[in-house]
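These notes are about the structure you will find just below.
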Amino acid sequence: MITIDTKTVRIRFLDTHKFADVDEVPEKIKKGDFIVIETEKGEELVLVVGRSVPDRENPSTYKFLRKATKKDINIFDKHEKEAEKALKLCKKLAENLGLKMNLLKAYIPLNRSKILFYYVSEGRVDFRQLVKDLAKKLRMRIEMRQVGVRDGVQMAGAIGVCGNQCCCSLFIDKFDTVNVEMLEEQNLPPTPSKFTGICGRLMCCLAFEMENYSIRKDLPETDSEVEINGKIYRVKEYDFIKEKIFFISDTGEIISFCFDELDRLGIKRKSPCEGCSMKNGGVSEIGSEGA
């Protein structure tokens, strides 16, 4: 019996541009190859973007079928052209029915198991009549899939305010929660409009550096008073890029410490009881070492 060495690879779907893992793929398959896998949508042509570490507790549900042949790629291209025409038809029918939905893409798997229509909508859409009309004209099984606005940009692709392609369409696998509190944590202006992406939501990149700001909870609060070398200073600001904290005296003298010096100097965030003593005119002692 001949055994074939296999591995787990990272793949990217060509309809949604999302990423996933596929197990039991032959070793000869390399980055940049197209393979055919079996999913809940049918047989799909996907792009291999590299190797991945197998998750033994949550193995991939996708089944590797074969390395894509020239015939598979030709069929995919043919289906894409057919799907474009179907999308135009769907948009026209939806408009005639007065449906409030932004149709993004139509997609036909290799084995023509169905035709999928991806759309964005603020609320629920009663598309039962639309599906009936489409089925009559296309003579295929119809599936409507509602996606979020961030998923929509990931599918369509766009250029962000930074001048680069949006992160979601380049490499983001799963959308993290992004909220206004992240602006404060990163010392950014509390103006969400300045940090809104193409999708109308807060930009995904706000979550990229959040771990770097986790030390904030261990720092003394801004504008709190500390004693250094017998002299009273007030916490002026933090610089998380340079990893420094700045203090200012009543005379305007500014001194700074690197974050990695804080433990040695005993600089830490005050507990609630220490905060109460501060309100009563007390100060927190930092130590006797200079800046």
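As shown in the structure tokens, the chain order sets the letters A, B, ...; within each chain, residues go from 1, and ligands are also counted from 1 in the order they appear.
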ask   = So which residues of region 11-135 of chain A fall under strand (DSSP E) by DSSP, listed as a PyMOL selection string?
value = chain A and resi 11-13+19-26+34-39+42-51+63-67+102-107+115-120
### Message
I'd like the contact shell of region 127-139 of chain A - 7 Å cut-off, only C-alpha atoms, skipping same-chain residues fewer than 5 positions apart - returned as a list of chain:residue names.
### Response
A:Cys90, A:Leu93, A:Ala94
Preceding selection exported with N, CA and C atoms as an mmCIF file, in the first residue's frame:
```cif
data_model
loop_
_atom_site.group_PDB
_atom_site.id
_atom_site.type_symbol
_atom_site.label_atom_id
_atom_site.label_comp_id
_atom_site.auth_asym_id
_atom_site.auth_seq_id
_atom_site.Cartn_x
_atom_site.Cartn_y
_atom_site.Cartn_z
ATOM 1 N N CYS A 90 -30.407 39.691 -10.889
ATOM 2 C CA CYS A 90 -30.881 39.713 -9.507
ATOM 3 C C CYS A 90 -31.100 41.143 -9.027
ATOM 4 N N LEU A 93 -34.335 42.474 -10.625
ATOM 5 C CA LEU A 93 -35.529 41.886 -10.015
ATOM 6 C C LEU A 93 -35.759 42.434 -8.607
ATOM 7 N N ALA A 94 -34.658 42.587 -7.841
ATOM 8 C CA ALA A 94 -34.770 43.103 -6.480
ATOM 9 C C ALA A 94 -35.277 44.545 -6.486
#
```
So that I can see what lies close to Ser193 (chain A), please list as a list in words the residues with an atom at most 12 Å from it, counting only C-alpha atoms and leaving out residues fewer than 3 positions away in the same chain.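 Returned residues: Val161, Val180, Leu183, Pro189, Pro190, Thr196, Gly197, Ile198, Gly200, Arg201, Leu202 and Met203 of chain A.
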field: Which residue of A:Glu261, A:Glu38, A:Asp5, A:Asp77 approaches Val25 (chain A) most closely, using only C-alpha atoms
entry: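 Answer, going by the shortest atom-to-atom distance: A:Asp5.
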Just want the 9 Å neighbourhood of Tyr119 (chain A), counted on only C-alpha atoms, with same-chain residues fewer than 3 positions away dropped. Output as a ChimeraX atom specification. /A:101-105,144-148,152
Show me, as an mmCIF file with N, CA, C and O atoms, in the first residue's frame, the residues that have an atom within 9 Å of Lys31 (chain A) when counting only C-alpha atoms, minus same-chain residues fewer than 2 positions from it.
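Result file out.cif:
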```cif
data_model
loop_
_atom_site.group_PDB
_atom_site.id
_atom_site.type_symbol
_atom_site.label_atom_id
_atom_site.label_comp_id
_atom_site.auth_asym_id
_atom_site.auth_seq_id
_atom_site.Cartn_x
_atom_site.Cartn_y
_atom_site.Cartn_z
ATOM 1 N N VAL A 9 -2.825 23.058 5.001
ATOM 2 C CA VAL A 9 -2.503 24.293 4.287
ATOM 3 C C VAL A 9 -3.537 25.367 4.578
ATOM 4 O O VAL A 9 -4.670 25.090 4.966
ATOM 5 N N ARG A 10 -3.100 26.594 4.402
ATOM 6 C CA ARG A 10 -3.977 27.756 4.536
ATOM 7 C C ARG A 10 -4.483 28.098 3.151
ATOM 8 O O ARG A 10 -3.717 28.192 2.190
ATOM 9 N N ILE A 29 1.658 19.858 -2.860
ATOM 10 C CA ILE A 29 0.916 21.103 -3.043
ATOM 11 C C ILE A 29 1.680 22.229 -2.373
ATOM 12 O O ILE A 29 2.066 22.134 -1.211
ATOM 13 N N ASP A 33 -0.563 27.440 -5.491
ATOM 14 C CA ASP A 33 -1.337 26.451 -6.247
ATOM 15 C C ASP A 33 -2.825 26.652 -6.021
ATOM 16 O O ASP A 33 -3.252 27.145 -4.964
ATOM 17 N N PHE A 34 -3.612 26.248 -6.990
ATOM 18 C CA PHE A 34 -5.057 26.196 -6.832
ATOM 19 C C PHE A 34 -5.442 24.740 -6.596
ATOM 20 O O PHE A 34 -4.915 23.836 -7.247
ATOM 21 N N LEU A 47 -7.390 29.097 -3.439
ATOM 22 C CA LEU A 47 -5.972 29.397 -3.582
ATOM 23 C C LEU A 47 -5.226 29.002 -2.312
ATOM 24 O O LEU A 47 -5.652 29.327 -1.201
ATOM 25 N N VAL A 48 -4.115 28.300 -2.471
ATOM 26 C CA VAL A 48 -3.267 27.941 -1.323
ATOM 27 C C VAL A 48 -2.326 29.116 -1.050
ATOM 28 O O VAL A 48 -1.593 29.550 -1.927
ATOM 29 N N VAL A 49 -2.370 29.641 0.184
ATOM 30 C CA VAL A 49 -1.543 30.807 0.519
ATOM 31 C C VAL A 49 -0.372 30.435 1.435
ATOM 32 O O VAL A 49 0.439 31.282 1.786
ATOM 33 N N GLY A 50 -0.284 29.161 1.835
ATOM 34 C CA GLY A 50 0.843 28.741 2.657
ATOM 35 C C GLY A 50 0.499 27.545 3.526
ATOM 36 O O GLY A 50 -0.604 27.004 3.455
ATOM 37 N N ARG A 51 1.454 27.149 4.337
ATOM 38 C CA ARG A 51 1.231 26.056 5.278
ATOM 39 C C ARG A 51 0.539 26.576 6.523
ATOM 40 O O ARG A 51 0.547 27.775 6.796
#
```
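Using only C-alpha atoms, the smallest distance between any of A:Cys199, A:Ala106, A:Leu188, A:Ala207 and Val149 (chain A) comes from A:Cys199.
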Write out as a short mmCIF file (atom, residue, chain, number, x, y, z; two decimals) with N, CA, C and O atoms, in the first residue's frame all residues of region 75-192 of chain A that DSSP puts in alpha helix (DSSP H) for this structure's backbone.
```cif
data_model
loop_
_atom_site.label_atom_id
_atom_site.label_comp_id
_atom_site.auth_asym_id
_atom_site.auth_seq_id
_atom_site.Cartn_x
_atom_site.Cartn_y
_atom_site.Cartn_z
N ILE A 75 -13.50 26.16 -16.07
CA ILE A 75 -14.89 26.10 -15.59
C ILE A 75 -15.15 27.25 -14.62
O ILE A 75 -16.21 27.91 -14.67
N PHE A 76 -14.19 27.50 -13.73
CA PHE A 76 -14.34 28.61 -12.78
C PHE A 76 -14.52 29.93 -13.51
O PHE A 76 -15.41 30.73 -13.18
N ASP A 77 -13.67 30.18 -14.50
CA ASP A 77 -13.76 31.43 -15.26
C ASP A 77 -15.10 31.55 -15.98
O ASP A 77 -15.71 32.62 -16.02
N LYS A 78 -15.57 30.44 -16.52
CA LYS A 78 -16.86 30.43 -17.22
C LYS A 78 -17.99 30.74 -16.24
O LYS A 78 -18.91 31.51 -16.54
N HIS A 79 -17.92 30.15 -15.05
CA HIS A 79 -18.95 30.38 -14.03
C HIS A 79 -18.94 31.82 -13.54
O HIS A 79 -20.00 32.39 -13.21
N GLU A 80 -17.75 32.43 -13.46
CA GLU A 80 -17.66 33.82 -13.02
C GLU A 80 -18.39 34.74 -13.98
O GLU A 80 -19.10 35.66 -13.57
N LYS A 81 -18.23 34.50 -15.28
CA LYS A 81 -18.92 35.32 -16.28
C LYS A 81 -20.43 35.10 -16.21
O LYS A 81 -21.21 36.04 -16.31
N GLU A 82 -20.81 33.85 -16.01
CA GLU A 82 -22.24 33.54 -15.89
C GLU A 82 -22.82 34.18 -14.63
O GLU A 82 -23.94 34.69 -14.63
N ALA A 83 -22.04 34.18 -13.54
CA ALA A 83 -22.49 34.75 -12.28
C ALA A 83 -22.66 36.26 -12.38
O ALA A 83 -23.56 36.84 -11.77
N GLU A 84 -21.80 36.92 -13.16
CA GLU A 84 -21.91 38.36 -13.35
C GLU A 84 -23.25 38.73 -14.00
O GLU A 84 -23.91 39.69 -13.61
N LYS A 85 -23.64 37.94 -14.99
CA LYS A 85 -24.92 38.19 -15.66
C LYS A 85 -26.08 37.92 -14.70
O LYS A 85 -27.07 38.66 -14.68
N ALA A 86 -25.93 36.86 -13.89
CA ALA A 86 -26.98 36.52 -12.92
C ALA A 86 -27.12 37.62 -11.87
O ALA A 86 -28.23 37.92 -11.41
N LEU A 87 -26.01 38.23 -11.49
CA LEU A 87 -26.04 39.30 -10.50
C LEU A 87 -26.80 40.52 -11.04
O LEU A 87 -27.60 41.14 -10.32
N LYS A 88 -26.56 40.85 -12.29
CA LYS A 88 -27.28 41.97 -12.91
C LYS A 88 -28.78 41.69 -12.94
O LYS A 88 -29.60 42.57 -12.66
N LEU A 89 -29.14 40.45 -13.26
CA LEU A 89 -30.55 40.06 -13.27
C LEU A 89 -31.14 40.17 -11.87
O LEU A 89 -32.25 40.70 -11.70
N CYS A 90 -30.41 39.69 -10.89
CA CYS A 90 -30.88 39.71 -9.51
C CYS A 90 -31.10 41.14 -9.03
O CYS A 90 -32.09 41.45 -8.36
N LYS A 91 -30.18 42.04 -9.38
CA LYS A 91 -30.31 43.43 -8.98
C LYS A 91 -31.56 44.06 -9.59
O LYS A 91 -32.28 44.81 -8.93
N LYS A 92 -31.82 43.73 -10.86
CA LYS A 92 -32.99 44.28 -11.54
C LYS A 92 -34.28 43.77 -10.91
O LYS A 92 -35.21 44.55 -10.66
N LEU A 93 -34.34 42.47 -10.62
CA LEU A 93 -35.53 41.89 -10.02
C LEU A 93 -35.76 42.43 -8.61
O LEU A 93 -36.89 42.72 -8.21
N ALA A 94 -34.66 42.59 -7.84
CA ALA A 94 -34.77 43.10 -6.48
C ALA A 94 -35.28 44.54 -6.49
O ALA A 94 -36.09 44.94 -5.64
N GLU A 95 -34.81 45.33 -7.47
CA GLU A 95 -35.26 46.71 -7.58
C GLU A 95 -36.74 46.77 -7.93
O GLU A 95 -37.49 47.59 -7.38
N ASN A 96 -37.18 45.89 -8.82
CA ASN A 96 -38.59 45.86 -9.20
C ASN A 96 -39.49 45.48 -8.03
O ASN A 96 -40.63 45.93 -7.94
N ARG A 128 -38.38 35.97 -0.63
CA ARG A 128 -39.01 34.74 -1.13
C ARG A 128 -39.45 34.86 -2.58
O ARG A 128 -39.21 33.96 -3.38
N GLN A 129 -40.07 35.98 -2.91
CA GLN A 129 -40.51 36.16 -4.30
C GLN A 129 -39.31 36.32 -5.22
O GLN A 129 -39.31 35.82 -6.35
N LEU A 130 -38.28 36.97 -4.73
CA LEU A 130 -37.06 37.15 -5.53
C LEU A 130 -36.44 35.79 -5.87
O LEU A 130 -36.04 35.55 -7.01
N VAL A 131 -36.39 34.91 -4.90
CA VAL A 131 -35.83 33.57 -5.12
C VAL A 131 -36.66 32.79 -6.14
O VAL A 131 -36.11 32.11 -7.02
N LYS A 132 -37.98 32.92 -6.05
CA LYS A 132 -38.85 32.23 -7.00
C LYS A 132 -38.61 32.73 -8.42
O LYS A 132 -38.51 31.94 -9.36
N ASP A 133 -38.51 34.05 -8.57
CA ASP A 133 -38.30 34.64 -9.89
C ASP A 133 -36.94 34.23 -10.46
O ASP A 133 -36.81 33.94 -11.66
N LEU A 134 -35.92 34.21 -9.61
CA LEU A 134 -34.59 33.83 -10.05
C LEU A 134 -34.54 32.36 -10.46
O LEU A 134 -33.93 32.00 -11.48
N ALA A 135 -35.20 31.50 -9.68
CA ALA A 135 -35.20 30.07 -9.97
C ALA A 135 -35.84 29.78 -11.32
O ALA A 135 -35.38 28.90 -12.07
N LYS A 136 -36.89 30.52 -11.64
CA LYS A 136 -37.57 30.32 -12.92
C LYS A 136 -36.66 30.69 -14.09
O LYS A 136 -36.65 30.02 -15.12
N LYS A 137 -35.91 31.76 -13.93
CA LYS A 137 -35.08 32.26 -15.02
C LYS A 137 -33.73 31.54 -15.12
O LYS A 137 -33.23 31.28 -16.21
N LEU A 138 -33.15 31.22 -13.97
CA LEU A 138 -31.81 30.61 -13.97
C LEU A 138 -31.85 29.08 -13.94
O LEU A 138 -30.86 28.42 -14.27
N VAL A 149 -21.26 44.55 6.77
CA VAL A 149 -20.65 45.58 5.92
C VAL A 149 -19.14 45.38 5.82
O VAL A 149 -18.53 45.66 4.78
N ARG A 150 -18.52 44.89 6.89
CA ARG A 150 -17.07 44.66 6.83
C ARG A 150 -16.77 43.47 5.91
O ARG A 150 -15.77 43.48 5.18
N ASP A 151 -17.63 42.46 5.94
CA ASP A 151 -17.47 41.33 5.02
C ASP A 151 -17.62 41.80 3.57
O ASP A 151 -16.94 41.30 2.67
N GLY A 152 -18.52 42.77 3.38
CA GLY A 152 -18.75 43.28 2.03
C GLY A 152 -17.51 43.95 1.46
O GLY A 152 -17.16 43.74 0.29
N VAL A 153 -16.82 44.76 2.28
CA VAL A 153 -15.59 45.41 1.82
C VAL A 153 -14.51 44.36 1.59
O VAL A 153 -13.72 44.45 0.64
N GLN A 154 -14.48 43.33 2.43
CA GLN A 154 -13.50 42.26 2.27
C GLN A 154 -13.69 41.56 0.92
O GLN A 154 -12.72 41.21 0.25
N MET A 155 -14.93 41.37 0.53
CA MET A 155 -15.23 40.72 -0.74
C MET A 155 -14.90 41.62 -1.93
O MET A 155 -14.30 41.18 -2.91
N ALA A 156 -15.31 42.88 -1.84
CA ALA A 156 -15.17 43.79 -2.98
C ALA A 156 -13.78 44.38 -3.09
O ALA A 156 -13.30 44.67 -4.19
N CYS A 167 -7.06 46.30 5.03
CA CYS A 167 -6.50 45.11 5.70
C CYS A 167 -7.42 43.90 5.56
O CYS A 167 -6.95 42.77 5.42
N CYS A 168 -8.74 44.14 5.58
CA CYS A 168 -9.68 43.02 5.53
C CYS A 168 -9.57 42.25 4.22
O CYS A 168 -9.78 41.04 4.18
N SER A 169 -9.24 42.96 3.14
CA SER A 169 -9.14 42.29 1.84
C SER A 169 -7.73 41.79 1.56
O SER A 169 -7.49 41.13 0.56
N LEU A 170 -6.79 42.11 2.46
CA LEU A 170 -5.42 41.66 2.29
C LEU A 170 -5.09 40.42 3.13
O LEU A 170 -4.60 39.43 2.62
N GLU A 181 -13.76 52.85 22.98
CA GLU A 181 -12.85 52.83 24.13
C GLU A 181 -11.40 52.62 23.68
O GLU A 181 -10.47 53.05 24.36
N MET A 182 -11.21 51.96 22.55
CA MET A 182 -9.85 51.72 22.05
C MET A 182 -9.14 53.02 21.69
O MET A 182 -7.92 53.11 21.74
N LEU A 183 -9.92 54.03 21.29
CA LEU A 183 -9.32 55.33 20.98
C LEU A 183 -8.69 55.93 22.23
O LEU A 183 -7.56 56.42 22.20
N GLU A 184 -9.42 55.89 23.33
CA GLU A 184 -8.91 56.43 24.58
C GLU A 184 -7.70 55.65 25.06
O GLU A 184 -6.71 56.22 25.52
N GLU A 185 -7.78 54.32 24.95
CA GLU A 185 -6.68 53.48 25.41
C GLU A 185 -5.39 53.79 24.67
O GLU A 185 -4.29 53.68 25.22
#
```
